[in-house]
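Here is the structure we will look at, set down as structure tokens.
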Amino acid sequence: MEAVIPKPVRVRIAPSPTGFLHVGTARTALFNFLFARKNGGVFIVRIEDTDTGRSEKRFEDNIIEGLTWLGLTWDEGPDTGGSYGPYRQSERKDLYRTHLESLLERNLAYHCFCTKEDLEAQKNYMIASGIPPKYSGQCGALEKDDVARRITGGVPSVIRFKTPTRKLSFIDVIKGKIEVDTELIGDFTIAKSVEEPLYNFTAAVDDELMEISHVIRGEDHISNTPKQILIQEALGFHAPSYAHLPLILGPDKSKLSKRHGATSILEYRDEGYLPEALANFLALLGWHPGDEREFYSLEEISAQFDLSTINKSNAVFNIQKLDWFNAHYIRQKSDDDLCVLCLPYLTKVGLVDASTDTEKVKKIIALEKDRLKKLSDIVPLSEFFFSLPEYETEMLVWKKSDAATVAKSLAASYEALAALNAASFTKEAIKSALDTVVTEFGTGATYWPVRVALSGKDASPGPVEIAEILGKEEVIKRIHAGVTRLNIE
RNA sequence: GGCGCCAUCGUCUAUCGGCUAGGACACCGCCCUUUCAAGGCGGGAAGACGGGUUCGAUUCCCGUUGGCGCUACCA
């Protein structure tokens, strides 16, 4: 049963530009996007760059680029604008200051002058004494003029929220009822100063100001939710619905991170993963459409998407399944499209340049299509077309035959192919030329050595197809080399 | 340590009290076949444990165990 969505749906992805677009963030963005599209809502990108020390524009650019590449589109954001902007928190400081001052004036927040060292000592003491560590609240008891004097005196301070002690619970769309005792939270910091608000505060303010209806985010944020609810209540804000997504895990079952290898979306792009494959894979991590289909476009998924059917438990990121999706979508591509997609990988390693016959390259790619898991696989798979790799003469000998027989069959193949007209060196012509050899030596003893002589590999596409692409001159040369090697040994 | 969340094949998952526990990836075998890939067919592989509730529990409740997350003047 689908949940009734009462208010206009407005959801957001709120990445912090302190690193490249992460797989986890991308999946969260995807789910927000899907939910918005399903419900005719608005999807917003909001850059949470309050940490000025770690935030960088290049990371913001990377995030936008990654989301775009994945196939997501948004209605409001730092690049697209919108009537709830600005969409960078660094540009919203006036808004935060107003609400911060409101809290301060009403004694719902206070300046704290404790030094980091003091705090550390207090925390260690509490841990050692077996009491749950939290801020003592001591600065909350300071007299007003004392506070003013310290501030004008330039004593460093932060702003803490005066956390009311009570049981707090909220209904998570995915997890159900979540209960916490705010006693354990203590007076947490909401800003370094009125000019430098911190995450939990800005998130609460912006979710209200941007009229966010549903906060869909990773479950690592569950413990932030009560803090944000407390701030909303203090400021008289409305509470959005919350949906905490299960996490994506690495193979060792810990939260997916850099030490698990590629976590940046654009790294996957650069390795040769298709956006439709990654999106399809990510969407099915923690959610399923109800039937046993596996392949879905973003449009098809958004038509069926439902928050209430999202799984509660974390999911391991299985690269082999991604590869399977990717191989599928690669096979769906037309030869022309795949050629455009693969070309950069070939040019990058110098196999192909402006002078290369693109028709030949396209044929190579079409031939290797079924063997590609990633676009970058085209390089190792097609290298032999451009230059014959080193190989052991031994490899020319088919396992069910012997060196002497193979030497004879390869020589016969040479003769048969040499007799062909270079201008009509087609698959059909090559095939029928080799048929005479097959008649005498059998299929395996004929094709195997030809294939190895042409590719230098023990695993490759069929020799007839390779030969057609290589052209008569190169084919004759390679086979001749093979025959020579067999006769020498 | 404290708090929170979670718990079906190795992995992603189906099951919303009747199950010979279904599908997919991966793996293995067979077919196709000169090799590899693709494709087709088949196989092994799961309900963490202990209590309840019930005619009947994978499914509902409690406990245990385990995993993960959070525990910043990061987000």
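Ordering of the structure tokens sets the chain letters (A, B, ...); residue numbers start at 1 within each chain; ligands are numbered from 1 in the order shown.
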
Report as a PDB file with C-alpha atoms (C1' of nucleotides), in the first residue's frame all protein, DNA and RNA residues lying within 9 Å of A21 in chain B, evaluated on only C-alpha atoms (C1' of nucleotides), omitting residues in the same chain fewer than 2 positions from it.
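Output file part-v5.pdb follows:
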ATOM      1  C1'   U B   8      16.309 -14.943   4.124  1.00  0.00           C
ATOM      2  C1'   U B  15       7.681 -13.771   0.754  1.00  0.00           C
ATOM      3  C1'   C B  19       6.910 -22.828   1.824  1.00  0.00           C
ATOM      4  C1'   A B  46      19.494 -19.176   2.886  1.00  0.00           C
ATOM      5  C1'   G B  47      15.318 -18.100   7.009  1.00  0.00           C
ATOM      6  C1'   U B  58      10.852 -17.030   7.597  1.00  0.00           C
TER       7        U B  58
END

Return the neighbours of chain A among the residues of chain B, cut-off 12 Å, counting only C-alpha atoms (C1' of nucleotides), as a PDB file with N, CA and C atoms (P, O5', C5', C4', C3', O3' and C1' of nucleotides), in the first residue's frame.
ATOM      1  P     G B   1      31.473  -2.722  24.443  1.00  0.00           P
ATOM      2  O5'   G B   1      31.343  -1.382  25.339  1.00  0.00           O
ATOM      3  C5'   G B   1      31.384  -1.486  26.767  1.00  0.00           C
ATOM      4  C4'   G B   1      31.143  -0.113  27.343  1.00  0.00           C
ATOM      5  C3'   G B   1      29.801   0.489  26.963  1.00  0.00           C
ATOM      6  O3'   G B   1      28.796   0.088  27.866  1.00  0.00           O
ATOM      7  C1'   G B   1      31.495   2.074  26.543  1.00  0.00           C
ATOM      8  P     G B   2      27.287  -0.143  27.357  1.00  0.00           P
ATOM      9  O5'   G B   2      26.804   1.336  26.991  1.00  0.00           O
ATOM     10  C5'   G B   2      26.461   2.246  28.047  1.00  0.00           C
ATOM     11  C4'   G B   2      26.000   3.553  27.438  1.00  0.00           C
ATOM     12  C3'   G B   2      24.868   3.412  26.432  1.00  0.00           C
ATOM     13  O3'   G B   2      23.603   3.397  27.090  1.00  0.00           O
ATOM     14  C1'   G B   2      26.570   4.733  25.480  1.00  0.00           C
ATOM     15  P     C B   3      22.429   2.492  26.480  1.00  0.00           P
ATOM     16  O5'   C B   3      21.985   3.331  25.208  1.00  0.00           O
ATOM     17  C5'   C B   3      21.373   4.611  25.372  1.00  0.00           C
ATOM     18  C4'   C B   3      21.279   5.303  24.039  1.00  0.00           C
ATOM     19  C3'   C B   3      20.596   4.508  22.934  1.00  0.00           C
ATOM     20  O3'   C B   3      19.188   4.558  23.024  1.00  0.00           O
ATOM     21  C1'   C B   3      22.580   5.447  22.090  1.00  0.00           C
ATOM     22  P     G B   4      18.337   3.306  22.474  1.00  0.00           P
ATOM     23  O5'   G B   4      18.438   3.505  20.897  1.00  0.00           O
ATOM     24  C5'   G B   4      17.915   4.684  20.286  1.00  0.00           C
ATOM     25  C4'   G B   4      18.332   4.726  18.843  1.00  0.00           C
ATOM     26  C3'   G B   4      17.937   3.525  18.007  1.00  0.00           C
ATOM     27  O3'   G B   4      16.595   3.618  17.571  1.00  0.00           O
ATOM     28  C1'   G B   4      20.188   4.074  17.566  1.00  0.00           C
ATOM     29  P     C B   5      15.793   2.276  17.206  1.00  0.00           P
ATOM     30  O5'   C B   5      16.464   1.848  15.828  1.00  0.00           O
ATOM     31  C5'   C B   5      16.311   2.665  14.665  1.00  0.00           C
ATOM     32  C4'   C B   5      17.156   2.113  13.546  1.00  0.00           C
ATOM     33  C3'   C B   5      16.896   0.657  13.188  1.00  0.00           C
ATOM     34  O3'   C B   5      15.759   0.507  12.353  1.00  0.00           O
ATOM     35  C1'   C B   5      19.222   1.007  13.330  1.00  0.00           C
ATOM     36  P     C B   6      14.946  -0.871  12.398  1.00  0.00           P
ATOM     37  O5'   C B   6      15.970  -1.913  11.753  1.00  0.00           O
ATOM     38  C5'   C B   6      16.319  -1.822  10.372  1.00  0.00           C
ATOM     39  C4'   C B   6      17.438  -2.789  10.053  1.00  0.00           C
ATOM     40  C3'   C B   6      17.125  -4.266  10.238  1.00  0.00           C
ATOM     41  O3'   C B   6      16.444  -4.773   9.106  1.00  0.00           O
ATOM     42  C1'   C B   6      19.246  -3.788  11.161  1.00  0.00           C
ATOM     43  P     A B   7      15.604  -6.166   9.267  1.00  0.00           P
ATOM     44  O5'   A B   7      16.769  -7.267   9.326  1.00  0.00           O
ATOM     45  C5'   A B   7      17.711  -7.378   8.203  1.00  0.00           C
ATOM     46  C4'   A B   7      18.594  -8.598   8.458  1.00  0.00           C
ATOM     47  C3'   A B   7      17.763  -9.881   8.589  1.00  0.00           C
ATOM     48  O3'   A B   7      17.999 -10.904   7.625  1.00  0.00           O
ATOM     49  C1'   A B   7      19.052  -9.444  10.595  1.00  0.00           C
ATOM     50  P     G B  10      25.413 -18.279   2.230  1.00  0.00           P
ATOM     51  O5'   G B  10      26.486 -17.301   1.588  1.00  0.00           O
ATOM     52  C5'   G B  10      27.610 -16.861   2.365  1.00  0.00           C
ATOM     53  C4'   G B  10      28.382 -15.866   1.543  1.00  0.00           C
ATOM     54  C3'   G B  10      27.544 -14.691   1.079  1.00  0.00           C
ATOM     55  O3'   G B  10      27.558 -13.650   2.017  1.00  0.00           O
ATOM     56  C1'   G B  10      28.665 -15.646  -0.771  1.00  0.00           C
ATOM     57  P     U B  11      26.267 -12.742   2.227  1.00  0.00           P
ATOM     58  O5'   U B  11      26.231 -11.912   0.872  1.00  0.00           O
ATOM     59  C5'   U B  11      27.191 -10.888   0.620  1.00  0.00           C
ATOM     60  C4'   U B  11      26.841 -10.185  -0.665  1.00  0.00           C
ATOM     61  C3'   U B  11      25.398  -9.724  -0.762  1.00  0.00           C
ATOM     62  O3'   U B  11      25.187  -8.490  -0.101  1.00  0.00           O
ATOM     63  C1'   U B  11      25.971 -10.873  -2.732  1.00  0.00           C
ATOM     64  P     C B  12      23.751  -8.156   0.449  1.00  0.00           P
ATOM     65  O5'   C B  12      22.941  -7.818  -0.890  1.00  0.00           O
ATOM     66  C5'   C B  12      23.317  -6.694  -1.704  1.00  0.00           C
ATOM     67  C4'   C B  12      22.350  -6.582  -2.849  1.00  0.00           C
ATOM     68  C3'   C B  12      20.890  -6.608  -2.441  1.00  0.00           C
ATOM     69  O3'   C B  12      20.461  -5.340  -1.993  1.00  0.00           O
ATOM     70  C1'   C B  12      21.226  -8.085  -4.257  1.00  0.00           C
ATOM     71  P     U B  13      19.248  -5.248  -0.986  1.00  0.00           P
ATOM     72  O5'   U B  13      18.083  -5.916  -1.826  1.00  0.00           O
ATOM     73  C5'   U B  13      17.040  -6.648  -1.217  1.00  0.00           C
ATOM     74  C4'   U B  13      16.315  -7.406  -2.289  1.00  0.00           C
ATOM     75  C3'   U B  13      15.084  -8.154  -1.814  1.00  0.00           C
ATOM     76  O3'   U B  13      13.972  -7.268  -1.761  1.00  0.00           O
ATOM     77  C1'   U B  13      16.390  -9.582  -3.158  1.00  0.00           C
ATOM     78  P     A B  14      12.799  -7.606  -0.742  1.00  0.00           P
ATOM     79  O5'   A B  14      12.024  -8.783  -1.499  1.00  0.00           O
ATOM     80  C5'   A B  14      11.398  -8.514  -2.755  1.00  0.00           C
ATOM     81  C4'   A B  14      10.595  -9.704  -3.191  1.00  0.00           C
ATOM     82  C3'   A B  14       9.625 -10.253  -2.145  1.00  0.00           C
ATOM     83  O3'   A B  14       8.431  -9.508  -2.137  1.00  0.00           O
ATOM     84  C1'   A B  14      10.782 -12.034  -3.214  1.00  0.00           C
ATOM     85  P     U B  15       7.677  -9.192  -0.781  1.00  0.00           P
ATOM     86  O5'   U B  15       7.007 -10.576  -0.372  1.00  0.00           O
ATOM     87  C5'   U B  15       6.243 -11.392  -1.296  1.00  0.00           C
ATOM     88  C4'   U B  15       6.149 -12.789  -0.698  1.00  0.00           C
ATOM     89  C3'   U B  15       5.507 -12.751   0.681  1.00  0.00           C
ATOM     90  O3'   U B  15       4.423 -13.671   0.772  1.00  0.00           O
ATOM     91  C1'   U B  15       7.681 -13.771   0.754  1.00  0.00           C
ATOM     92  P     C B  16       2.968 -13.149   0.804  1.00  0.00           P
ATOM     93  O5'   C B  16       2.917 -13.062   2.379  1.00  0.00           O
ATOM     94  C5'   C B  16       1.961 -12.208   2.974  1.00  0.00           C
ATOM     95  C4'   C B  16       2.707 -11.353   3.907  1.00  0.00           C
ATOM     96  C3'   C B  16       1.808 -10.687   4.935  1.00  0.00           C
ATOM     97  O3'   C B  16       1.788 -11.517   6.102  1.00  0.00           O
ATOM     98  C1'   C B  16       3.175  -9.073   3.891  1.00  0.00           C
ATOM     99  P     G B  22      12.459 -22.234  -3.826  1.00  0.00           P
ATOM    100  O5'   G B  22      12.292 -21.419  -5.172  1.00  0.00           O
ATOM    101  C5'   G B  22      11.060 -21.438  -5.878  1.00  0.00           C
ATOM    102  C4'   G B  22      10.791 -20.086  -6.471  1.00  0.00           C
ATOM    103  C3'   G B  22      12.004 -19.425  -7.134  1.00  0.00           C
ATOM    104  O3'   G B  22      12.260 -19.908  -8.441  1.00  0.00           O
ATOM    105  C1'   G B  22      10.999 -17.882  -5.706  1.00  0.00           C
ATOM    106  P     G B  23      13.761 -19.969  -8.961  1.00  0.00           P
ATOM    107  O5'   G B  23      14.057 -18.468  -9.367  1.00  0.00           O
ATOM    108  C5'   G B  23      13.236 -17.824 -10.345  1.00  0.00           C
ATOM    109  C4'   G B  23      13.577 -16.360 -10.413  1.00  0.00           C
ATOM    110  C3'   G B  23      15.044 -16.034 -10.704  1.00  0.00           C
ATOM    111  O3'   G B  23      15.344 -16.123 -12.084  1.00  0.00           O
ATOM    112  C1'   G B  23      14.282 -14.683  -8.926  1.00  0.00           C
ATOM    113  P     A B  24      16.838 -16.435 -12.539  1.00  0.00           P
ATOM    114  O5'   A B  24      17.619 -15.107 -12.151  1.00  0.00           O
ATOM    115  C5'   A B  24      17.343 -13.889 -12.851  1.00  0.00           C
ATOM    116  C4'   A B  24      18.219 -12.788 -12.287  1.00  0.00           C
ATOM    117  C3'   A B  24      19.704 -13.121 -12.231  1.00  0.00           C
ATOM    118  O3'   A B  24      20.342 -12.901 -13.479  1.00  0.00           O
ATOM    119  C1'   A B  24      19.034 -12.201 -10.171  1.00  0.00           C
ATOM    120  P     C B  25      21.685 -13.700 -13.827  1.00  0.00           P
ATOM    121  O5'   C B  25      22.780 -12.997 -12.892  1.00  0.00           O
ATOM    122  C5'   C B  25      23.148 -11.634 -13.109  1.00  0.00           C
ATOM    123  C4'   C B  25      24.180 -11.225 -12.083  1.00  0.00           C
ATOM    124  C3'   C B  25      25.404 -12.126 -12.010  1.00  0.00           C
ATOM    125  O3'   C B  25      26.358 -11.766 -12.984  1.00  0.00           O
ATOM    126  C1'   C B  25      24.601 -11.722  -9.831  1.00  0.00           C
ATOM    127  P     A B  26      27.278 -12.915 -13.654  1.00  0.00           P
ATOM    128  O5'   A B  26      28.043 -13.522 -12.389  1.00  0.00           O
ATOM    129  C5'   A B  26      29.095 -12.782 -11.772  1.00  0.00           C
ATOM    130  C4'   A B  26      29.593 -13.533 -10.568  1.00  0.00           C
ATOM    131  C3'   A B  26      30.008 -14.977 -10.821  1.00  0.00           C
ATOM    132  O3'   A B  26      31.324 -15.051 -11.343  1.00  0.00           O
ATOM    133  C1'   A B  26      28.657 -14.881  -8.894  1.00  0.00           C
ATOM    134  P     U B  33      27.809 -26.806 -33.061  1.00  0.00           P
ATOM    135  O5'   U B  33      29.239 -26.152 -32.837  1.00  0.00           O
ATOM    136  C5'   U B  33      29.568 -24.885 -33.428  1.00  0.00           C
ATOM    137  C4'   U B  33      30.760 -24.296 -32.725  1.00  0.00           C
ATOM    138  C3'   U B  33      32.014 -25.166 -32.741  1.00  0.00           C
ATOM    139  O3'   U B  33      32.742 -24.993 -33.939  1.00  0.00           O
ATOM    140  C1'   U B  33      31.613 -24.364 -30.542  1.00  0.00           C
ATOM    141  P     U B  34      33.890 -26.036 -34.321  1.00  0.00           P
ATOM    142  O5'   U B  34      35.135 -25.611 -33.434  1.00  0.00           O
ATOM    143  C5'   U B  34      36.239 -26.486 -33.244  1.00  0.00           C
ATOM    144  C4'   U B  34      37.439 -25.698 -32.786  1.00  0.00           C
ATOM    145  C3'   U B  34      37.163 -24.704 -31.671  1.00  0.00           C
ATOM    146  O3'   U B  34      37.218 -25.335 -30.413  1.00  0.00           O
ATOM    147  C1'   U B  34      38.401 -23.643 -33.387  1.00  0.00           C
ATOM    148  P     U B  35      36.316 -24.828 -29.232  1.00  0.00           P
ATOM    149  O5'   U B  35      37.138 -23.607 -28.623  1.00  0.00           O
ATOM    150  C5'   U B  35      38.394 -23.845 -27.981  1.00  0.00           C
ATOM    151  C4'   U B  35      38.985 -22.524 -27.561  1.00  0.00           C
ATOM    152  C3'   U B  35      38.063 -21.628 -26.744  1.00  0.00           C
ATOM    153  O3'   U B  35      38.073 -22.003 -25.377  1.00  0.00           O
ATOM    154  C1'   U B  35      39.120 -20.362 -28.424  1.00  0.00           C
ATOM    155  P     C B  36      36.771 -21.800 -24.489  1.00  0.00           P
ATOM    156  O5'   C B  36      36.658 -20.212 -24.392  1.00  0.00           O
ATOM    157  C5'   C B  36      37.632 -19.458 -23.659  1.00  0.00           C
ATOM    158  C4'   C B  36      37.411 -17.994 -23.898  1.00  0.00           C
ATOM    159  C3'   C B  36      36.013 -17.472 -23.600  1.00  0.00           C
ATOM    160  O3'   C B  36      35.817 -17.263 -22.213  1.00  0.00           O
ATOM    161  C1'   C B  36      36.775 -16.562 -25.638  1.00  0.00           C
ATOM    162  P     A B  37      34.359 -17.459 -21.565  1.00  0.00           P
ATOM    163  O5'   A B  37      33.524 -16.284 -22.248  1.00  0.00           O
ATOM    164  C5'   A B  37      33.769 -14.936 -21.883  1.00  0.00           C
ATOM    165  C4'   A B  37      33.030 -14.008 -22.819  1.00  0.00           C
ATOM    166  C3'   A B  37      31.517 -14.126 -22.858  1.00  0.00           C
ATOM    167  O3'   A B  37      30.917 -13.470 -21.760  1.00  0.00           O
ATOM    168  C1'   A B  37      32.346 -13.932 -25.040  1.00  0.00           C
ATOM    169  P     A B  38      29.538 -13.999 -21.145  1.00  0.00           P
ATOM    170  O5'   A B  38      28.499 -13.738 -22.323  1.00  0.00           O
ATOM    171  C5'   A B  38      28.121 -12.404 -22.686  1.00  0.00           C
ATOM    172  C4'   A B  38      27.271 -12.447 -23.936  1.00  0.00           C
ATOM    173  C3'   A B  38      26.008 -13.302 -23.821  1.00  0.00           C
ATOM    174  O3'   A B  38      24.949 -12.581 -23.235  1.00  0.00           O
ATOM    175  C1'   A B  38      27.158 -13.867 -25.800  1.00  0.00           C
ATOM    176  P     G B  39      23.945 -13.332 -22.235  1.00  0.00           P
ATOM    177  O5'   G B  39      23.254 -14.417 -23.167  1.00  0.00           O
ATOM    178  C5'   G B  39      22.409 -14.014 -24.241  1.00  0.00           C
ATOM    179  C4'   G B  39      21.992 -15.223 -25.038  1.00  0.00           C
ATOM    180  C3'   G B  39      21.373 -16.349 -24.219  1.00  0.00           C
ATOM    181  O3'   G B  39      20.016 -16.121 -23.944  1.00  0.00           O
ATOM    182  C1'   G B  39      22.975 -17.245 -25.717  1.00  0.00           C
ATOM    183  P     G B  67      30.184  -8.658  15.286  1.00  0.00           P
ATOM    184  O5'   G B  67      29.421  -7.923  14.101  1.00  0.00           O
ATOM    185  C5'   G B  67      29.536  -8.426  12.768  1.00  0.00           C
ATOM    186  C4'   G B  67      28.640  -7.628  11.856  1.00  0.00           C
ATOM    187  C3'   G B  67      28.844  -6.123  11.906  1.00  0.00           C
ATOM    188  O3'   G B  67      29.939  -5.718  11.106  1.00  0.00           O
ATOM    189  C1'   G B  67      26.540  -6.608  11.999  1.00  0.00           C
ATOM    190  P     C B  68      30.768  -4.415  11.524  1.00  0.00           P
ATOM    191  O5'   C B  68      29.768  -3.255  11.091  1.00  0.00           O
ATOM    192  C5'   C B  68      29.387  -3.100   9.732  1.00  0.00           C
ATOM    193  C4'   C B  68      28.227  -2.146   9.643  1.00  0.00           C
ATOM    194  C3'   C B  68      28.461  -0.763  10.245  1.00  0.00           C
ATOM    195  O3'   C B  68      29.164   0.077   9.358  1.00  0.00           O
ATOM    196  C1'   C B  68      26.376  -1.578  10.960  1.00  0.00           C
ATOM    197  P     G B  69      30.067   1.256   9.948  1.00  0.00           P
ATOM    198  O5'   G B  69      28.953   2.305  10.402  1.00  0.00           O
ATOM    199  C5'   G B  69      28.097   2.894   9.436  1.00  0.00           C
ATOM    200  C4'   G B  69      27.041   3.704  10.140  1.00  0.00           C
ATOM    201  C3'   G B  69      27.563   4.777  11.077  1.00  0.00           C
ATOM    202  O3'   G B  69      27.899   5.944  10.353  1.00  0.00           O
ATOM    203  C1'   G B  69      25.844   3.574  12.151  1.00  0.00           C
ATOM    204  P     C B  70      29.048   6.897  10.899  1.00  0.00           P
ATOM    205  O5'   C B  70      28.368   7.596  12.160  1.00  0.00           O
ATOM    206  C5'   C B  70      27.279   8.494  11.971  1.00  0.00           C
ATOM    207  C4'   C B  70      26.705   8.860  13.315  1.00  0.00           C
ATOM    208  C3'   C B  70      27.706   9.406  14.324  1.00  0.00           C
ATOM    209  O3'   C B  70      27.956  10.775  14.113  1.00  0.00           O
ATOM    210  C1'   C B  70      26.343   7.797  15.368  1.00  0.00           C
ATOM    211  P     U B  71      29.346  11.400  14.652  1.00  0.00           P
ATOM    212  O5'   U B  71      29.239  11.152  16.216  1.00  0.00           O
ATOM    213  C5'   U B  71      28.385  11.947  17.034  1.00  0.00           C
ATOM    214  C4'   U B  71      28.512  11.473  18.456  1.00  0.00           C
ATOM    215  C3'   U B  71      29.918  11.540  19.032  1.00  0.00           C
ATOM    216  O3'   U B  71      30.238  12.847  19.494  1.00  0.00           O
ATOM    217  C1'   U B  71      28.934   9.466  19.563  1.00  0.00           C
ATOM    218  P     A B  72      31.730  13.328  19.428  1.00  0.00           P
ATOM    219  O5'   A B  72      31.466  14.883  19.532  1.00  0.00           O
ATOM    220  C5'   A B  72      31.028  15.640  18.469  1.00  0.00           C
ATOM    221  C4'   A B  72      31.977  16.799  18.284  1.00  0.00           C
ATOM    222  C3'   A B  72      31.239  17.896  17.513  1.00  0.00           C
ATOM    223  O3'   A B  72      31.208  19.166  18.145  1.00  0.00           O
ATOM    224  C1'   A B  72      33.124  16.996  16.263  1.00  0.00           C
ATOM    225  P     C B  73      32.341  19.735  19.039  1.00  0.00           P
ATOM    226  O5'   C B  73      32.533  20.917  17.997  1.00  0.00           O
ATOM    227  C5'   C B  73      31.458  21.737  17.600  1.00  0.00           C
ATOM    228  C4'   C B  73      32.068  22.750  16.668  1.00  0.00           C
ATOM    229  C3'   C B  73      33.280  22.122  15.968  1.00  0.00           C
ATOM    230  O3'   C B  73      33.028  22.089  14.576  1.00  0.00           O
ATOM    231  C1'   C B  73      33.882  24.135  17.190  1.00  0.00           C
ATOM    232  P     C B  74      33.587  22.346  13.310  1.00  0.00           P
ATOM    233  O5'   C B  74      33.601  20.967  12.549  1.00  0.00           O
ATOM    234  C5'   C B  74      32.369  20.414  12.134  1.00  0.00           C
ATOM    235  C4'   C B  74      32.568  19.895  10.747  1.00  0.00           C
ATOM    236  C3'   C B  74      31.311  19.755   9.941  1.00  0.00           C
ATOM    237  O3'   C B  74      30.967  20.985   9.343  1.00  0.00           O
ATOM    238  C1'   C B  74      32.593  17.775   9.796  1.00  0.00           C
ATOM    239  P     A B  75      29.456  21.440   9.272  1.00  0.00           P
ATOM    240  O5'   A B  75      28.848  20.455   8.192  1.00  0.00           O
ATOM    241  C5'   A B  75      29.313  20.468   6.843  1.00  0.00           C
ATOM    242  C4'   A B  75      28.846  19.192   6.179  1.00  0.00           C
ATOM    243  C3'   A B  75      27.337  18.972   6.212  1.00  0.00           C
ATOM    244  O3'   A B  75      26.696  19.632   5.141  1.00  0.00           O
ATOM    245  C1'   A B  75      28.424  17.015   6.956  1.00  0.00           C
TER     246        A B  75
END

Problem set entry | Which of range 126-363 of chain A fall in strand (DSSP E), as JSON, numbers by chain | {"A": [158, 159, 160, 161, 167, 168, 169, 170, 171, 172, 176, 177, 178, 179, 180, 181, 189, 190, 191, 192, 193, 196, 197, 214, 215, 216, 217, 218, 241, 242, 243, 244, 245, 248, 249, 315, 316]}

For this session: Write out as a ChimeraX atom specification which residues come within 12 Å of G40 in chain B when counting only C-alpha atoms (C1' of nucleotides), dropping same-chain ones fewer than 3 positions away.
Result: /B:30-32

For the residues in that selection, give me C-alpha atoms (C1' of nucleotides) as an mmCIF file, in the first residue's frame.
data_model
loop_
_atom_site.group_PDB
_atom_site.id
_atom_site.type_symbol
_atom_site.label_atom_id
_atom_site.label_comp_id
_atom_site.auth_asym_id
_atom_site.auth_seq_id
_atom_site.Cartn_x
_atom_site.Cartn_y
_atom_site.Cartn_z
ATOM 1 C "C1'" C B 30 25.941 -29.461 -19.993
ATOM 2 C "C1'" C B 31 24.597 -27.588 -24.950
ATOM 3 C "C1'" C B 32 26.397 -24.456 -28.940
#

For this session: Fewer than 3 positions away in the same chain doesn't count, so skip those; otherwise give me all residues within 10 Å of Leu417 in chain A, counting only C-alpha atoms (C1' of nucleotides), as a count of residues only.
Result: 20

Problem set entry | CA of Asp118 in chain A to CA of Ser55 in chain A, distance in Å rounded to a single decimal |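 Computing it gives 28.0 Å between the two atoms.
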
For this session: Tell me, as a list in words, which residues lie within 6 Å of Gly41 in chain A, counting only C-alpha atoms (C1' of nucleotides); anything in the same chain fewer than 5 positions away does not count.
Result: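 Once the adjacent positions are removed, what remains is Val9, Arg10 and Ala36 of chain A.
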
Problem set entry | Secondary structure check, helix (DSSP H, G or I) residues of range 245-460 of chain A, as number ranges by chain | A: 258-260, 265-271, 275-283, 298-304, 307-309, 319-332, 335-348, 358-371, 375-386, 393-396, 403-418, 422-424, 427-441, 443-455

Test item: residues at most 12 Å from Thr358 in chain A, only C-alpha atoms (C1' of nucleotides), excluding those fewer than 4 positions along its chain, as a compact mmCIF listing (two decimals) with N, CA and C atoms, in the first residue's frame:
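The resulting file, out_31.txt, is shown below:
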# COMPACT_ATOMS: atom_id res chain seq x y z
N ASP A 335 26.06 -0.02 -32.94
CA ASP A 335 27.49 -0.02 -33.22
C ASP A 335 28.03 1.40 -33.31
N ASP A 336 27.25 2.28 -33.90
CA ASP A 336 27.69 3.67 -34.03
C ASP A 336 27.85 4.33 -32.67
N CYS A 339 30.74 2.94 -30.73
CA CYS A 339 32.00 3.41 -31.30
C CYS A 339 32.35 4.77 -30.72
N VAL A 340 31.39 5.66 -30.67
CA VAL A 340 31.61 7.00 -30.10
C VAL A 340 32.04 6.88 -28.64
N CYS A 342 33.51 4.28 -27.16
CA CYS A 342 34.79 3.58 -26.97
C CYS A 342 36.01 4.34 -27.48
N LEU A 343 35.78 5.15 -28.49
CA LEU A 343 36.88 5.86 -29.14
C LEU A 343 37.84 6.57 -28.18
N LEU A 346 40.47 4.31 -26.81
CA LEU A 346 41.43 3.88 -27.81
C LEU A 346 42.43 4.98 -28.14
N THR A 347 41.93 6.20 -28.25
CA THR A 347 42.82 7.31 -28.58
C THR A 347 43.73 7.64 -27.40
N VAL A 352 44.52 4.55 -31.57
CA VAL A 352 43.77 5.19 -32.65
C VAL A 352 44.11 6.68 -32.68
N ASP A 353 44.27 7.23 -33.89
CA ASP A 353 44.42 8.68 -34.00
C ASP A 353 43.61 9.17 -35.20
N ALA A 354 43.76 10.41 -35.53
CA ALA A 354 42.94 11.01 -36.58
C ALA A 354 43.07 10.29 -37.91
N LYS A 362 35.11 0.85 -35.99
CA LYS A 362 33.72 0.51 -35.67
C LYS A 362 33.48 -0.99 -35.78
N LYS A 363 34.08 -1.60 -36.81
CA LYS A 363 33.93 -3.05 -36.98
C LYS A 363 34.56 -3.81 -35.82
N ILE A 364 35.71 -3.34 -35.38
CA ILE A 364 36.39 -3.98 -34.25
C ILE A 364 35.51 -3.91 -33.01
N ILE A 365 34.98 -2.73 -32.75
CA ILE A 365 34.15 -2.54 -31.56
C ILE A 365 32.89 -3.39 -31.64
N ILE A 469 38.56 -7.78 -41.04
CA ILE A 469 38.91 -6.45 -40.55
C ILE A 469 40.38 -6.14 -40.83

For this session: Would you list the contacts of range 72-78 of chain A as a PyMOL selection string, taking every protein, DNA or RNA residue within 7 Å and counting only C-alpha atoms (C1' of nucleotides), but skipping same-chain residues closer than 6 positions in sequence?
Result: chain A and resi 33+42-46+86-88
